[in-house]
2 protein chains.
Amino acid sequence: MGGPILLVPVAGMVAVLVSAYLIWYVVRQPSGDERMQAIAGAIREGALAFLSRQYRTIAGLAIAVAALLAVAIRPPEGWHTGIAFLTGALASALSGYIGMYTAVTANLRTAAAARRSLNEALRIAFRGGAITGLAVTTLSLLGVTGIFYAYGGAARPQETPLLIVGFGFGASFVALFAQLGGGIYTKAADVGADLVGKVEAGIPEDDPRNPAVIADLVGDNVGDCAGRGADLFESTAAENIGAMILGIALFPVFGVSGILFPLVARAVGLLASIVGIMSVRVRRDDEPPMAALNRGFLVTAVLAAVGLFFVTRSMLSGGGRVNPLYFFGAALVGVVTSYVFLWTTQYYTEYRYRPVKEIAQASVTGPATNIMAGVSVGFESVAIPTVVMSAAILAAYGLGDLAMPGGGLYGTAVATMGMLSTVAYVLAMDTYGPIVDNAGGIVEMSGAPEEARRRTELLDASGNTTKALTKGYAVGSAALAAFLLFSAYIDEVKHLLGMAPEQPYPIDIAQPRVFVGAFLGAMLVLLFTSTAIRAVGRAAQVVIQEVRRQFREIPGIMEGKARPEYGRCVDIVTVGALKQMVLPGLVVVVVPVLVGAILKAEAAAAFLMIATIAGVLIALFLNNGGAAWDNAKKFIEAGNLGGKGSEPHKAAVVGDTVGDPFKDTAGPSLHVLVKLLSTITLVLAWLFVR
Amino acid sequence: MGGPILLVPVAGMVAVLVSAYLIWYVVRQPSGDERMQAIAGAIREGALAFLSRQYRTIAGLAIAVAALLAVAIRPPEGWHTGIAFLTGALASALSGYIGMYTAVTANLRTAAAARRSLNEALRIAFRGGAITGLAVTTLSLLGVTGIFYAYGGAARPQETPLLIVGFGFGASFVALFAQLGGGIYTKAADVGADLVGKVEAGIPEDDPRNPAVIADLVGDNVGDCAGRGADLFESTAAENIGAMILGIALFPVFGVSGILFPLVARAVGLLASIVGIMSVRVRRDDEPPMAALNRGFLVTAVLAAVGLFFVTRSMLSGGGRVNPLYFFGAALVGVVTSYVFLWTTQYYTEYRYRPVKEIAQASVTGPATNIMAGVSVGFESVAIPTVVMSAAILAAYGLGDLAMPGGGLYGTAVATMGMLSTVAYVLAMDTYGPIVDNAGGIVEMSGAPEEARRRTELLDASGNTTKALTKGYAVGSAALAAFLLFSAYIDEVKHLLGMAPEQPYPIDIAQPRVFVGAFLGAMLVLLFTSTAIRAVGRAAQVVIQEVRRQFREIPGIMEGKARPEYGRCVDIVTVGALKQMVLPGLVVVVVPVLVGAILKAEAAAAFLMIATIAGVLIALFLNNGGAAWDNAKKFIEAGNLGGKGSEPHKAAVVGDTVGDPFKDTAGPSLHVLVKLLSTITLVLAWLFVR
């Protein structure tokens, strides 16, 4: 098969070349003075040590699961699924590693550049982030395509996509643990460092006298880079697979084109993102970084839309029986949805707008009212995204139906491809966040001049925004991916029961068993959130005790005469985070299997759907609430309502701390959870219909 | 029709006589000295003033809705429904009024008795609570029975139950606003009084120098008594109606007995509760109050179980075609479920157990870790109730199916009757809470001797426990009521579509429209929670400013020389709470109507189900989290971890304050919301099938 699918290797090749150029660009930048290098070296060492220990733990679990799959499923599907699982797991781990490795390379160079100019620092940081964005997206695209062709490909197009579901399962399995472990690490270190350092000892953030400061900086990398890299790798893989499976049902109309379309659409998005990434530059020396980043996003989105127009026209016309314009409309719905998501996230998390100001205002009457206001804002922030996503699903479904009778579901798949077409660019923005955050820490700790600090603070502010934006994007894409995989699950169950694709298989939620499945699905999300937040609290307690011990036992720390034992803190958080990661992760894997095995396929479907709804809503609550608290504190620090050190500021710090595990541990882990549940149920559907 | 149904008027008569005796008993108790009377007078005045203003607002809204119903539905069902709505609304309002009136009568007498003995104080408070319990339950039973017979009764048993759904809608409509308005009032006053009084001015709780102290005491009555009275009135009414409608489907088997069974079961429960209530007494002078209350509950539950055995045997044997023992088994499942709910609530909210201790321990590192721990405990606390409720639904359904083919749904109805058989007793325990709380306030403010204070503190501690228990019970009963009404809704939709009862009408959640309905249902719950919490925050801000103004402008307040203007605070909270109540209330009414009218019957069903699931889970989170924070503070105040005034105590106060709107405003309002949604959709089903 030639034609459009050739775009996949082409885009992959281009992306690899561009990544190589960006790596060369970042690495050749000056890497600062000795003090900076020493600090960056400590961060890098801690991050790599954590990742290697974490990956060893995960590898054990993953191999066990792969073996179980290979044995439990009848051959040859069994070992096909097992191998696909391991491949997905490996690729996901590699994505996380690339993200983290790039970040710990670019952070030092960004810090060094901040001594020279804002512009240089911005470009290094963003290009560093772009390496991750391109690498992850390319890996996902080539991984899914590669395993698709390895397992039969176009020769058996109607069977192969289901065989590669294991790839998605493996990817989400690793992503869950990576995000959870990294999330616990980063926030335990952050909360621990803040509570003893800022609150008890009264020293500023990132102060070198704080023994937990290196652990905190390490955390930014392992949580935000490694975690989100694995998360979005998984989203893109899961969505491709889900959409391909839906394409099978339309094989009589589109032939193999309907199955390959998702891959080609992704390739187009990758090319568009490359252009967008290369176009990012500030026009004037004093332009705010966000303006440049927003411009790049617009370029990406417009190019992707244009590309999708041609791809839908050439691949989804069904030999003239279908009007591809409607499918293009569905793709546009996806692009627009991603825009609205980004906009809503900004509204709820930036201090220019009402919600964050409300939280800041509530801080005047103390921490209690600050918390109430933040919880209220968090819960409120779910409304618009829900309505938008609902409208998008209905619109895409309707457009699909207009394109051809019975094409509704495929319409939602096309919309998902539209939304995900900008993923490489978004991921670049995301990894940019921890790079500039780290650069700020390095500048602060190395005693760089005031001017460099001012610059990194500007970059850090934009980094906070991009981090919040990507989370909104990740939630939206998780919801769409889950919806696709859910539909694929129904198709698979019908297939296993020997039903024709057009036969109805209703998931009747009025049946007690199905209702109970739904009930348990929502419960699992809350229980998981509870364990994730508790894990941070517990790990932070350990950090607090260690920092207090060092303040007490090492004389001269507070005067800056003695060097704290940074490495001890790094080790302690590593051990603590990995210990706390296992139980919640296993609960998420075991509960759906039990529900499906005991209550059967229909109940498992309801479990999955309601867990998805609850997971998306609670993740929005946690992410937006947390970011709003963070920025309410920043609003006060900018000199409002009494400014830094005032009583309202202290109250806002409480909210910020509470928000930390919300937005960086529990929330992002829920995105992954939602996708993990859908890949598990899909892989184990055969068990649930027995 | 004679036989078992005669138990209803008999039980009603007995309940009225016993209530009259209890009123006589409470009123003839000594009402303390002049200072106590002055304080109690101020509380009573404020409470009655709030209730009359609140009822005027609600009356306007209720009349508008009744008129809409009468006009929109075709005659004669239209005005039947409208009148039933108004009757239900009136009865619900009356329930709230009785609860509050009794409480403001019994509080003073309890305070006066506390100067003499713990025993006397306990009995007065509990018997005061029992008046409400009996009155509300009797009103609900006689109201539903009366309107059933007025609208045709046994002569048209298959049509009448649907006509009286309006009764349930009216009851839940008033209950929502009563609980919401009262909940906002009580917590705005409480939070406002605490933040300025305890935190800023450093004066103790219930100190007469605090201008908001009377408003705070008024709040206990309007929130806890009036609100929960209306809430549980509505639960019992809705469950009776739902179960009666399910009885229609089994008319060929049971005849009218299946429809009347719920009323008779309730009558049996009422009689059992009366015996339980009269049995409450402490054995020794120093026995903890909770022991006596738990004994009374056990008496009630055992008697109710025995009574249900005979009622199921005589009414549900279907002329020998059915084995009623299985239905009795389902009833037992309900009784046991209510026990487990009470037990779980105790585990998560009492400081003898791990969860509350964990929160207290986390307070040592400050308010931020206290909040994290509380959120984590709250989310965790949903797990056991979910599993128990799931097991109960499956067990009751299975037992119903064993009793007769197709009897599964009726089995869940019978289980609900079992759970609700103890409602009068539980409601008595609930109203007991605010009575002893108020008594403590009166004792404190009137400068009564130390011994009396110690006694009311003991009573108050047990009151906090009973309040938490009833909330757990109310959530459970709301979930079961909603499940019944949901099944009734499906029956009604089939009826409207001209389908036979045994035809399947699947609510296929895999359909995009249905999925979107589910998504919006979950979203509504979070949005409502957000507005309820924000309303408290906003109303509290007003109180804070007023209290600060009085401290500033009235010289001599702090020295106790000048009397604060208590009335001003009461007025301000009244106006603020009523203003904040309207918008969230209307959202809850309007959104389901829109969803049903636009997305149609199936989507409305999914909306309802998922809103129920989300509502129950979030209510559990809010109620249990809030109560756990409260008791973590009490644990520290009992002398642990540094005791009163220490840094951990300050951190725990923050958590307690955050928990206030969780457990007393948003949480309890969600119970009502769940039931309101199910009655709205049932009443408007004709609109959704067009």
# chains A, B, ... in the order shown; residues from 1 in each chain; ligands from 1
>>> interface_residues(of="chain B", to="chain A", cutoff="7 Å", atoms="only C-alpha atoms", output="VMD selection string")
chain B and resid 367 to 369 371 to 373 376 to 377 379 to 380 382 to 383 386 390 393 to 394 506 to 510 512 to 513 516 519 to 520 523 526 to 527 530 to 531 533 to 534 537 613 654 to 655 657 to 658
>>> residues_around(residues="range 445-455 of chain B", least_positions_apart="4", cutoff="9 Å", atoms="only C-alpha atoms", output="tab-separated table (two decimals) with N, CA and C atoms, in the first residue's frame")
chain	number	residue	atom	x	y	z
B	33	ASP	N	-33.17	30.45	84.49
B	33	ASP	CA	-33.25	31.81	85.02
B	33	ASP	C	-33.46	32.83	83.91
B	35	ARG	N	-31.57	35.18	82.64
B	35	ARG	CA	-30.53	35.37	81.62
B	35	ARG	C	-30.64	34.31	80.54
B	36	MET	N	-30.84	33.06	81.00
B	36	MET	CA	-31.00	31.98	80.03
B	36	MET	C	-32.19	32.25	79.13
B	39	ILE	N	-31.50	34.84	76.46
B	39	ILE	CA	-30.69	34.33	75.35
B	39	ILE	C	-31.53	33.42	74.46
B	111	ALA	N	-30.76	23.29	78.77
B	111	ALA	CA	-29.74	24.10	79.45
B	111	ALA	C	-30.04	24.21	80.94
B	112	ALA	N	-31.29	24.46	81.23
B	112	ALA	CA	-31.67	24.61	82.63
B	112	ALA	C	-31.44	23.29	83.38
B	113	ALA	N	-31.79	22.17	82.69
B	113	ALA	CA	-31.63	20.87	83.35
B	113	ALA	C	-30.17	20.52	83.57
B	114	ALA	N	-29.31	21.05	82.71
B	114	ALA	CA	-27.88	20.75	82.83
B	114	ALA	C	-27.32	21.27	84.15
B	115	ARG	N	-28.00	22.24	84.77
B	115	ARG	CA	-27.55	22.72	86.08
B	115	ARG	C	-27.88	21.70	87.16
B	116	ARG	N	-28.85	20.83	86.85
B	116	ARG	CA	-29.27	19.85	87.87
B	116	ARG	C	-28.60	18.49	87.66
B	117	SER	N	-28.79	17.87	86.46
B	117	SER	CA	-28.18	16.55	86.24
B	117	SER	C	-28.04	16.25	84.77
B	118	LEU	N	-27.06	15.42	84.46
B	118	LEU	CA	-26.82	15.03	83.07
B	118	LEU	C	-28.01	14.25	82.53
B	121	ALA	N	-31.01	16.37	81.54
B	121	ALA	CA	-30.71	17.13	80.33
B	121	ALA	C	-30.78	16.23	79.11
B	206	ASP	N	-18.87	30.79	71.48
B	206	ASP	CA	-20.10	31.11	72.21
B	206	ASP	C	-19.89	32.19	73.27
B	207	ASP	N	-18.86	33.02	73.12
B	207	ASP	CA	-18.65	34.09	74.09
B	207	ASP	C	-19.65	35.20	73.82
B	208	PRO	N	-20.33	35.72	74.87
B	208	PRO	CA	-21.37	36.74	74.64
B	208	PRO	C	-20.83	38.05	74.08
B	440	GLY	N	-25.65	24.07	75.11
B	440	GLY	CA	-24.29	24.43	75.49
B	440	GLY	C	-24.05	25.92	75.33
B	441	GLY	N	-24.52	26.48	74.22
B	441	GLY	CA	-24.34	27.91	73.97
B	441	GLY	C	-25.05	28.74	75.02
B	459	LEU	N	-22.76	16.28	76.44
B	459	LEU	CA	-23.92	16.10	75.56
B	459	LEU	C	-23.57	16.55	74.14
B	460	ASP	N	-22.86	17.65	74.04
B	460	ASP	CA	-22.52	18.20	72.72
B	460	ASP	C	-21.67	17.21	71.93
>>> atom_distance(atom1="CA of Ser462 in chain A", atom2="CA of Gly667 in chain A")
20.5 Å
>>> closest_residue(among="A:Ala11, A:Ala66, A:Val218, A:Ala652", to="Ile359 in chain A", atoms="only C-alpha atoms")
A:Ala652
>>> closest_residue(among="B:Val65, B:Ala305, B:Ala188, B:Ala360", to="Ile636 in chain B", atoms="only C-alpha atoms")
B:Ala360
>>> residues_around(residues="Val674 in chain A", least_positions_apart="2", cutoff="8 Å", atoms="only C-alpha atoms", output="number ranges by chain")
A: 478-479, 482, 611-612, 615-616, 670-672, 676-678
>>> write_last_selection(atoms="N, CA and C atoms", output="PDB file, in the first residue's frame")
ATOM      1  N   ALA A 478      -7.432  12.682  27.093  1.00  0.00           N
ATOM      2  CA  ALA A 478      -7.694  11.424  27.790  1.00  0.00           C
ATOM      3  C   ALA A 478      -9.161  11.044  27.661  1.00  0.00           C
ATOM      4  N   ALA A 479     -10.040  12.043  27.805  1.00  0.00           N
ATOM      5  CA  ALA A 479     -11.469  11.763  27.716  1.00  0.00           C
ATOM      6  C   ALA A 479     -11.814  11.235  26.327  1.00  0.00           C
ATOM      7  N   ALA A 482     -10.452   7.755  25.805  1.00  0.00           N
ATOM      8  CA  ALA A 482     -11.243   6.757  26.517  1.00  0.00           C
ATOM      9  C   ALA A 482     -12.544   6.490  25.779  1.00  0.00           C
ATOM     10  N   ALA A 611     -16.139   5.638  35.330  1.00  0.00           N
ATOM     11  CA  ALA A 611     -14.808   5.971  35.835  1.00  0.00           C
ATOM     12  C   ALA A 611     -14.180   7.051  34.958  1.00  0.00           C
ATOM     13  N   THR A 612     -14.418   6.970  33.655  1.00  0.00           N
ATOM     14  CA  THR A 612     -13.882   7.993  32.761  1.00  0.00           C
ATOM     15  C   THR A 612     -14.487   9.354  33.070  1.00  0.00           C
ATOM     16  N   GLY A 615     -13.229  10.424  36.417  1.00  0.00           N
ATOM     17  CA  GLY A 615     -11.806  10.717  36.351  1.00  0.00           C
ATOM     18  C   GLY A 615     -11.527  12.056  35.681  1.00  0.00           C
ATOM     19  N   VAL A 616     -12.220  12.313  34.595  1.00  0.00           N
ATOM     20  CA  VAL A 616     -12.011  13.576  33.884  1.00  0.00           C
ATOM     21  C   VAL A 616     -12.446  14.750  34.755  1.00  0.00           C
ATOM     22  N   LEU A 670      -4.648  10.800  37.236  1.00  0.00           N
ATOM     23  CA  LEU A 670      -5.999  10.406  36.826  1.00  0.00           C
ATOM     24  C   LEU A 670      -6.145  10.341  35.309  1.00  0.00           C
ATOM     25  N   HIS A 671      -5.445  11.239  34.580  1.00  0.00           N
ATOM     26  CA  HIS A 671      -5.507  11.138  33.104  1.00  0.00           C
ATOM     27  C   HIS A 671      -5.079   9.752  32.686  1.00  0.00           C
ATOM     28  N   VAL A 672      -3.973   9.311  33.284  1.00  0.00           N
ATOM     29  CA  VAL A 672      -3.410   8.033  32.876  1.00  0.00           C
ATOM     30  C   VAL A 672      -4.333   6.903  33.308  1.00  0.00           C
ATOM     31  N   LEU A 676      -5.652   3.851  31.186  1.00  0.00           N
ATOM     32  CA  LEU A 676      -5.258   2.503  31.590  1.00  0.00           C
ATOM     33  C   LEU A 676      -6.484   1.610  31.724  1.00  0.00           C
ATOM     34  N   LEU A 677      -7.540   2.140  32.351  1.00  0.00           N
ATOM     35  CA  LEU A 677      -8.758   1.348  32.516  1.00  0.00           C
ATOM     36  C   LEU A 677      -9.298   0.911  31.160  1.00  0.00           C
ATOM     37  N   SER A 678      -9.242   1.820  30.180  1.00  0.00           N
ATOM     38  CA  SER A 678      -9.841   1.434  28.909  1.00  0.00           C
ATOM     39  C   SER A 678      -8.980   0.429  28.152  1.00  0.00           C
TER      40      SER A 678
END
>>> atom_distance(atom1="CA of Pro564 in chain B", atom2="CA of Gly227 in chain B")
28.2 Å
>>> closest_atom_pairs(of="range 68-148 of chain B", to="range 56-59 of chain B", cutoff="12 Å", atoms="only C-alpha atoms", output="CSV")
residue,atom,partner,partner_atom,distance
B:Phe85,CA,B:Ala59,CA,11.8
B:Leu86,CA,B:Ala59,CA,9.3
B:Thr87,CA,B:Ala59,CA,11.9
B:Ala89,CA,B:Ala59,CA,8.5
B:Leu90,CA,B:Ala59,CA,8.9
B:Ser92,CA,B:Ile58,CA,11.5
B:Ala93,CA,B:Ile58,CA,9.4
